[in-house]
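Trainee: PDB, C-alpha atoms, pLDDT in the B column, saved as work.pdb, coming up:
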ATOM      1  CA  VAL A  27      -1.348  -1.350 -33.422  1.00 90.00           C
ATOM      2  CA  THR A  28      -0.452  -1.710 -29.762  1.00 96.00           C
ATOM      3  CA  THR A  29       2.968  -1.945 -28.207  1.00 96.00           C
ATOM      4  CA  THR A  30       3.899  -3.651 -24.948  1.00 97.00           C
ATOM      5  CA  THR A  31       7.046  -2.575 -23.138  1.00 97.00           C
ATOM      6  CA  THR A  32       8.255  -4.152 -19.927  1.00 97.00           C
ATOM      7  CA  TYR A  33      10.020  -1.976 -17.383  1.00 98.00           C
ATOM      8  CA  THR A  34      11.491  -2.866 -14.021  1.00 98.00           C
ATOM      9  CA  VAL A  35      10.347  -0.947 -10.983  1.00 98.00           C
ATOM     10  CA  GLN A  36      12.089  -1.064  -7.649  1.00 97.00           C
ATOM     11  CA  GLY A  37      10.515  -0.648  -4.227  1.00 96.00           C
ATOM     12  CA  MET A  38       7.082  -2.222  -4.549  1.00 97.00           C
ATOM     13  CA  THR A  39       6.381  -4.397  -1.530  1.00 96.00           C
ATOM     14  CA  CYS A  40       2.657  -5.124  -1.488  1.00 96.00           C
ATOM     15  CA  GLY A  41      -0.609  -4.983  -3.364  1.00 95.00           C
ATOM     16  CA  HIS A  42      -1.070  -1.327  -2.474  1.00 95.00           C
ATOM     17  CA  CYS A  43       2.223  -0.518  -4.176  1.00 97.00           C
ATOM     18  CA  VAL A  44       1.101  -2.427  -7.248  1.00 97.00           C
ATOM     19  CA  ALA A  45      -2.160  -0.496  -7.270  1.00 97.00           C
ATOM     20  CA  SER A  46      -0.346   2.856  -7.011  1.00 97.00           C
ATOM     21  CA  VAL A  47       2.009   2.093  -9.881  1.00 98.00           C
ATOM     22  CA  THR A  48      -0.811   0.679 -12.011  1.00 98.00           C
ATOM     23  CA  GLN A  49      -2.886   3.767 -11.405  1.00 98.00           C
ATOM     24  CA  GLU A  50      -0.159   6.322 -12.130  1.00 98.00           C
ATOM     25  CA  VAL A  51       1.245   4.593 -15.197  1.00 98.00           C
ATOM     26  CA  GLY A  52      -2.316   4.026 -16.396  1.00 98.00           C
ATOM     27  CA  LYS A  53      -2.775   7.795 -16.562  1.00 98.00           C
ATOM     28  CA  VAL A  54      -0.028   8.216 -19.177  1.00 98.00           C
ATOM     29  CA  ALA A  55      -1.498   9.197 -22.531  1.00 97.00           C
ATOM     30  CA  GLY A  56      -1.832   6.202 -24.849  1.00 97.00           C
ATOM     31  CA  VAL A  57      -1.614   3.540 -22.130  1.00 98.00           C
ATOM     32  CA  ILE A  58      -4.220   0.806 -22.535  1.00 97.00           C
ATOM     33  CA  GLU A  59      -3.121  -1.736 -19.949  1.00 97.00           C
ATOM     34  CA  VAL A  60      -0.625  -2.053 -17.106  1.00 98.00           C
ATOM     35  CA  GLN A  61       0.340  -5.379 -15.613  1.00 97.00           C
ATOM     36  CA  VAL A  62       2.617  -5.626 -12.603  1.00 97.00           C
ATOM     37  CA  ASP A  63       4.459  -8.625 -11.213  1.00 97.00           C
ATOM     38  CA  LEU A  64       5.179  -7.756  -7.606  1.00 97.00           C
ATOM     39  CA  ASP A  65       7.898 -10.356  -7.038  1.00 96.00           C
ATOM     40  CA  SER A  66      10.056  -9.377  -9.985  1.00 97.00           C
ATOM     41  CA  GLY A  67       9.065  -5.715 -10.231  1.00 97.00           C
ATOM     42  CA  ALA A  68       8.241  -6.214 -13.902  1.00 98.00           C
ATOM     43  CA  VAL A  69       5.738  -3.656 -15.163  1.00 98.00           C
ATOM     44  CA  SER A  70       4.347  -4.394 -18.610  1.00 98.00           C
ATOM     45  CA  VAL A  71       2.746  -1.428 -20.275  1.00 98.00           C
ATOM     46  CA  THR A  72       0.583  -1.814 -23.348  1.00 98.00           C
ATOM     47  CA  SER A  73      -0.047   1.350 -25.308  1.00 98.00           C
ATOM     48  CA  ASP A  74      -1.489   2.507 -28.592  1.00 97.00           C
ATOM     49  CA  ARG A  75       1.627   4.537 -29.358  1.00 95.00           C
ATOM     50  CA  ALA A  76       5.338   4.547 -28.594  1.00 94.00           C
ATOM     51  CA  LEU A  77       5.819   5.842 -25.070  1.00 95.00           C
ATOM     52  CA  ASP A  78       8.456   8.283 -23.957  1.00 96.00           C
ATOM     53  CA  ARG A  79      10.473   6.459 -21.315  1.00 96.00           C
ATOM     54  CA  ALA A  80      10.901   9.707 -19.363  1.00 97.00           C
ATOM     55  CA  VAL A  81       7.129  10.046 -19.038  1.00 98.00           C
ATOM     56  CA  VAL A  82       6.762   6.485 -17.752  1.00 98.00           C
ATOM     57  CA  LYS A  83       9.622   7.090 -15.318  1.00 98.00           C
ATOM     58  CA  GLU A  84       7.907  10.225 -14.074  1.00 98.00           C
ATOM     59  CA  ALA A  85       4.659   8.327 -13.493  1.00 98.00           C
ATOM     60  CA  VAL A  86       6.476   5.601 -11.555  1.00 98.00           C
ATOM     61  CA  GLU A  87       8.196   8.234  -9.433  1.00 97.00           C
ATOM     62  CA  GLU A  88       4.888  10.000  -8.885  1.00 97.00           C
ATOM     63  CA  ALA A  89       3.641   6.741  -7.389  1.00 97.00           C
ATOM     64  CA  GLY A  90       6.702   6.724  -5.115  1.00 96.00           C
ATOM     65  CA  TYR A  91       8.904   4.118  -6.789  1.00 97.00           C
ATOM     66  CA  GLU A  92      11.921   3.938  -9.021  1.00 97.00           C
ATOM     67  CA  LEU A  93      12.200   2.864 -12.634  1.00 98.00           C
ATOM     68  CA  VAL A  94      15.450   0.913 -12.813  1.00 97.00           C
ATOM     69  CA  SER A  95      15.267  -0.612 -16.260  1.00 92.00           C
TER      70      SER A  95
ATOM     71  CA  VAL B  27      -9.464   8.927  30.890  1.00 90.00           C
ATOM     72  CA  THR B  28      -7.740   7.463  27.850  1.00 96.00           C
ATOM     73  CA  THR B  29      -6.110   4.072  27.491  1.00 96.00           C
ATOM     74  CA  THR B  30      -3.290   3.108  25.146  1.00 97.00           C
ATOM     75  CA  THR B  31      -2.862  -0.519  24.176  1.00 97.00           C
ATOM     76  CA  THR B  32      -0.085  -1.773  21.929  1.00 97.00           C
ATOM     77  CA  TYR B  33      -0.796  -4.669  19.625  1.00 98.00           C
ATOM     78  CA  THR B  34       1.471  -6.435  17.157  1.00 98.00           C
ATOM     79  CA  VAL B  35       0.361  -6.706  13.572  1.00 98.00           C
ATOM     80  CA  GLN B  36       1.993  -8.970  11.015  1.00 97.00           C
ATOM     81  CA  GLY B  37       2.257  -8.406   7.301  1.00 96.00           C
ATOM     82  CA  MET B  38       2.646  -4.660   6.915  1.00 97.00           C
ATOM     83  CA  THR B  39       5.370  -3.898   4.375  1.00 96.00           C
ATOM     84  CA  CYS B  40       5.031  -0.263   3.408  1.00 96.00           C
ATOM     85  CA  GLY B  41       3.417   3.063   4.098  1.00 95.00           C
ATOM     86  CA  HIS B  42       0.246   2.028   2.313  1.00 95.00           C
ATOM     87  CA  CYS B  43      -0.119  -0.897   4.685  1.00 97.00           C
ATOM     88  CA  VAL B  44       0.365   1.441   7.638  1.00 97.00           C
ATOM     89  CA  ALA B  45      -2.291   3.765   6.228  1.00 97.00           C
ATOM     90  CA  SER B  46      -4.772   0.905   5.777  1.00 97.00           C
ATOM     91  CA  VAL B  47      -4.326  -0.371   9.320  1.00 98.00           C
ATOM     92  CA  THR B  48      -4.477   3.145  10.762  1.00 98.00           C
ATOM     93  CA  GLN B  49      -7.661   3.842   8.866  1.00 98.00           C
ATOM     94  CA  GLU B  50      -9.477   0.626   9.782  1.00 98.00           C
ATOM     95  CA  VAL B  51      -8.472   0.597  13.434  1.00 98.00           C
ATOM     96  CA  GLY B  52      -9.290   4.299  13.587  1.00 98.00           C
ATOM     97  CA  LYS B  53     -12.915   3.467  12.759  1.00 98.00           C
ATOM     98  CA  VAL B  54     -13.357   1.354  15.914  1.00 98.00           C
ATOM     99  CA  ALA B  55     -15.700   3.086  18.356  1.00 97.00           C
ATOM    100  CA  GLY B  56     -13.782   4.899  21.070  1.00 97.00           C
ATOM    101  CA  VAL B  57     -10.460   5.062  19.235  1.00 98.00           C
ATOM    102  CA  ILE B  58      -8.791   8.460  19.427  1.00 97.00           C
ATOM    103  CA  GLU B  59      -5.379   7.789  17.947  1.00 97.00           C
ATOM    104  CA  VAL B  60      -3.527   5.015  16.146  1.00 98.00           C
ATOM    105  CA  GLN B  61       0.242   4.962  15.818  1.00 97.00           C
ATOM    106  CA  VAL B  62       2.022   2.327  13.776  1.00 97.00           C
ATOM    107  CA  ASP B  63       5.676   1.380  13.738  1.00 97.00           C
ATOM    108  CA  LEU B  64       6.209  -0.359  10.424  1.00 97.00           C
ATOM    109  CA  ASP B  65       9.485  -2.055  11.317  1.00 96.00           C
ATOM    110  CA  SER B  66       8.267  -3.748  14.492  1.00 97.00           C
ATOM    111  CA  GLY B  67       4.603  -4.051  13.571  1.00 97.00           C
ATOM    112  CA  ALA B  68       3.676  -2.329  16.831  1.00 98.00           C
ATOM    113  CA  VAL B  69       0.272  -0.663  16.642  1.00 98.00           C
ATOM    114  CA  SER B  70      -0.508   1.607  19.574  1.00 98.00           C
ATOM    115  CA  VAL B  71      -4.160   2.396  19.954  1.00 98.00           C
ATOM    116  CA  THR B  72      -5.357   5.161  22.228  1.00 98.00           C
ATOM    117  CA  SER B  73      -9.021   5.069  23.148  1.00 98.00           C
ATOM    118  CA  ASP B  74     -11.503   6.673  25.483  1.00 97.00           C
ATOM    119  CA  ARG B  75     -12.727   3.298  26.674  1.00 95.00           C
ATOM    120  CA  ALA B  76     -11.505  -0.263  27.099  1.00 94.00           C
ATOM    121  CA  LEU B  77     -11.447  -1.898  23.675  1.00 95.00           C
ATOM    122  CA  ASP B  78     -12.612  -5.387  22.885  1.00 96.00           C
ATOM    123  CA  ARG B  79      -9.576  -7.146  21.461  1.00 96.00           C
ATOM    124  CA  ALA B  80     -11.803  -9.098  19.054  1.00 97.00           C
ATOM    125  CA  VAL B  81     -13.035  -5.841  17.533  1.00 98.00           C
ATOM    126  CA  VAL B  82      -9.482  -4.558  17.044  1.00 98.00           C
ATOM    127  CA  LYS B  83      -8.506  -7.888  15.525  1.00 98.00           C
ATOM    128  CA  GLU B  84     -11.424  -7.675  13.137  1.00 98.00           C
ATOM    129  CA  ALA B  85     -10.400  -4.167  12.046  1.00 98.00           C
ATOM    130  CA  VAL B  86      -6.826  -5.306  11.421  1.00 98.00           C
ATOM    131  CA  GLU B  87      -8.098  -8.244   9.386  1.00 97.00           C
ATOM    132  CA  GLU B  88     -10.436  -5.949   7.479  1.00 97.00           C
ATOM    133  CA  ALA B  89      -7.322  -3.999   6.452  1.00 97.00           C
ATOM    134  CA  GLY B  90      -5.788  -7.268   5.289  1.00 96.00           C
ATOM    135  CA  TYR B  91      -3.330  -8.016   8.093  1.00 97.00           C
ATOM    136  CA  GLU B  92      -3.041 -10.238  11.124  1.00 97.00           C
ATOM    137  CA  LEU B  93      -3.118  -9.355  14.778  1.00 98.00           C
ATOM    138  CA  VAL B  94      -0.516 -11.613  16.361  1.00 97.00           C
ATOM    139  CA  SER B  95      -0.246 -10.179  19.890  1.00 92.00           C
TER     140      SER B  95
END
If you convert what's in this file into structure tokens, what do you get?

Mentor:
Amino acid sequence: VTTTTTYTVQGMTCGHCVASVTQEVGKVAGVIEVQVDLDSGAVSVTSDRALDRAVVKEAVEEAGYELVS
Amino acid sequence: VTTTTTYTVQGMTCGHCVASVTQEVGKVAGVIEVQVDLDSGAVSVTSDRALDRAVVKEAVEEAGYELVS
């Protein structure tokens, strides 16, 4: 069973930003896929387990951005 | 003798963009230093020889941006 959760990330302005967020969130244990919509800041994370929001937030911040919802 | 020429690059939106342009332009033969002002798009290139504008333009395009002046 996989779960997809969509978060909103603030501060991404270009493809490099998308790549950074994708890479950092992709490192979170259990994450299978990360899809980012640059315009809206929507980050959809598919995982094989329920993710701890704090861990996702930390990964987004590690990339240099802010998880706003 | 070193020469500094300031170009204007369009399309940079964040620090990653600045890093890409700095890296690509920095590879041009003769380039000693590249300084980028993200807000204005000003890219100051210091070199030990006169640079061919076409070569600088190519490096900027390689990074994914446009040399506009």

Trainee: Which residues are close to segment 67-84 of chain B, i.e. within 10 Å by all atoms listed in the file, leaving aside same-chain residues fewer than 4 positions away? Reply as a PyMOL selection string.

Mentor: chain B and resi 27-39+44+47-48+50-63+88-95

Trainee: Restricting it to C-alpha atoms, dump the selection as a CSV table (one decimal), in the coordinates of the input.

Mentor:
chain,number,residue,atom,x,y,z
B,27,VAL,CA,-9.5,8.9,30.9
B,28,THR,CA,-7.7,7.5,27.8
B,29,THR,CA,-6.1,4.1,27.5
B,30,THR,CA,-3.3,3.1,25.1
B,31,THR,CA,-2.9,-0.5,24.2
B,32,THR,CA,-0.1,-1.8,21.9
B,33,TYR,CA,-0.8,-4.7,19.6
B,34,THR,CA,1.5,-6.4,17.2
B,35,VAL,CA,0.4,-6.7,13.6
B,36,GLN,CA,2.0,-9.0,11.0
B,37,GLY,CA,2.3,-8.4,7.3
B,38,MET,CA,2.6,-4.7,6.9
B,39,THR,CA,5.4,-3.9,4.4
B,44,VAL,CA,0.4,1.4,7.6
B,47,VAL,CA,-4.3,-0.4,9.3
B,48,THR,CA,-4.5,3.1,10.8
B,50,GLU,CA,-9.5,0.6,9.8
B,51,VAL,CA,-8.5,0.6,13.4
B,52,GLY,CA,-9.3,4.3,13.6
B,53,LYS,CA,-12.9,3.5,12.8
B,54,VAL,CA,-13.4,1.4,15.9
B,55,ALA,CA,-15.7,3.1,18.4
B,56,GLY,CA,-13.8,4.9,21.1
B,57,VAL,CA,-10.5,5.1,19.2
B,58,ILE,CA,-8.8,8.5,19.4
B,59,GLU,CA,-5.4,7.8,17.9
B,60,VAL,CA,-3.5,5.0,16.1
B,61,GLN,CA,0.2,5.0,15.8
B,62,VAL,CA,2.0,2.3,13.8
B,63,ASP,CA,5.7,1.4,13.7
B,88,GLU,CA,-10.4,-5.9,7.5
B,89,ALA,CA,-7.3,-4.0,6.5
B,90,GLY,CA,-5.8,-7.3,5.3
B,91,TYR,CA,-3.3,-8.0,8.1
B,92,GLU,CA,-3.0,-10.2,11.1
B,93,LEU,CA,-3.1,-9.4,14.8
B,94,VAL,CA,-0.5,-11.6,16.4
B,95,SER,CA,-0.2,-10.2,19.9

Trainee: Dump as a tab-separated table the rows for residues of chain B within 8 Å of chain A: closest atom pair and distance in Å with one decimal, all atoms listed in the file counted, ordered by chain and rising residue number.

Mentor:
residue	atom	partner	partner_atom	distance
B:Thr39	CA	A:Thr39	CA	6.0
B:Cys40	CA	A:Thr39	CA	6.6
B:His42	CA	A:His42	CA	6.0
B:Cys43	CA	A:His42	CA	7.2

Trainee: Specify the axis-aligned box that encloses all atoms of segment 56-74 of chain A listed in the file after padding of 4 Å on each side, stating its centre and edge lengths in Å to one decimal as lines of an AutoDock Vina configuration file.

Mentor:
center_x = 2.9
center_y = -2.1
center_z = -17.8
size_x = 22.3
size_y = 24.6
size_z = 29.6
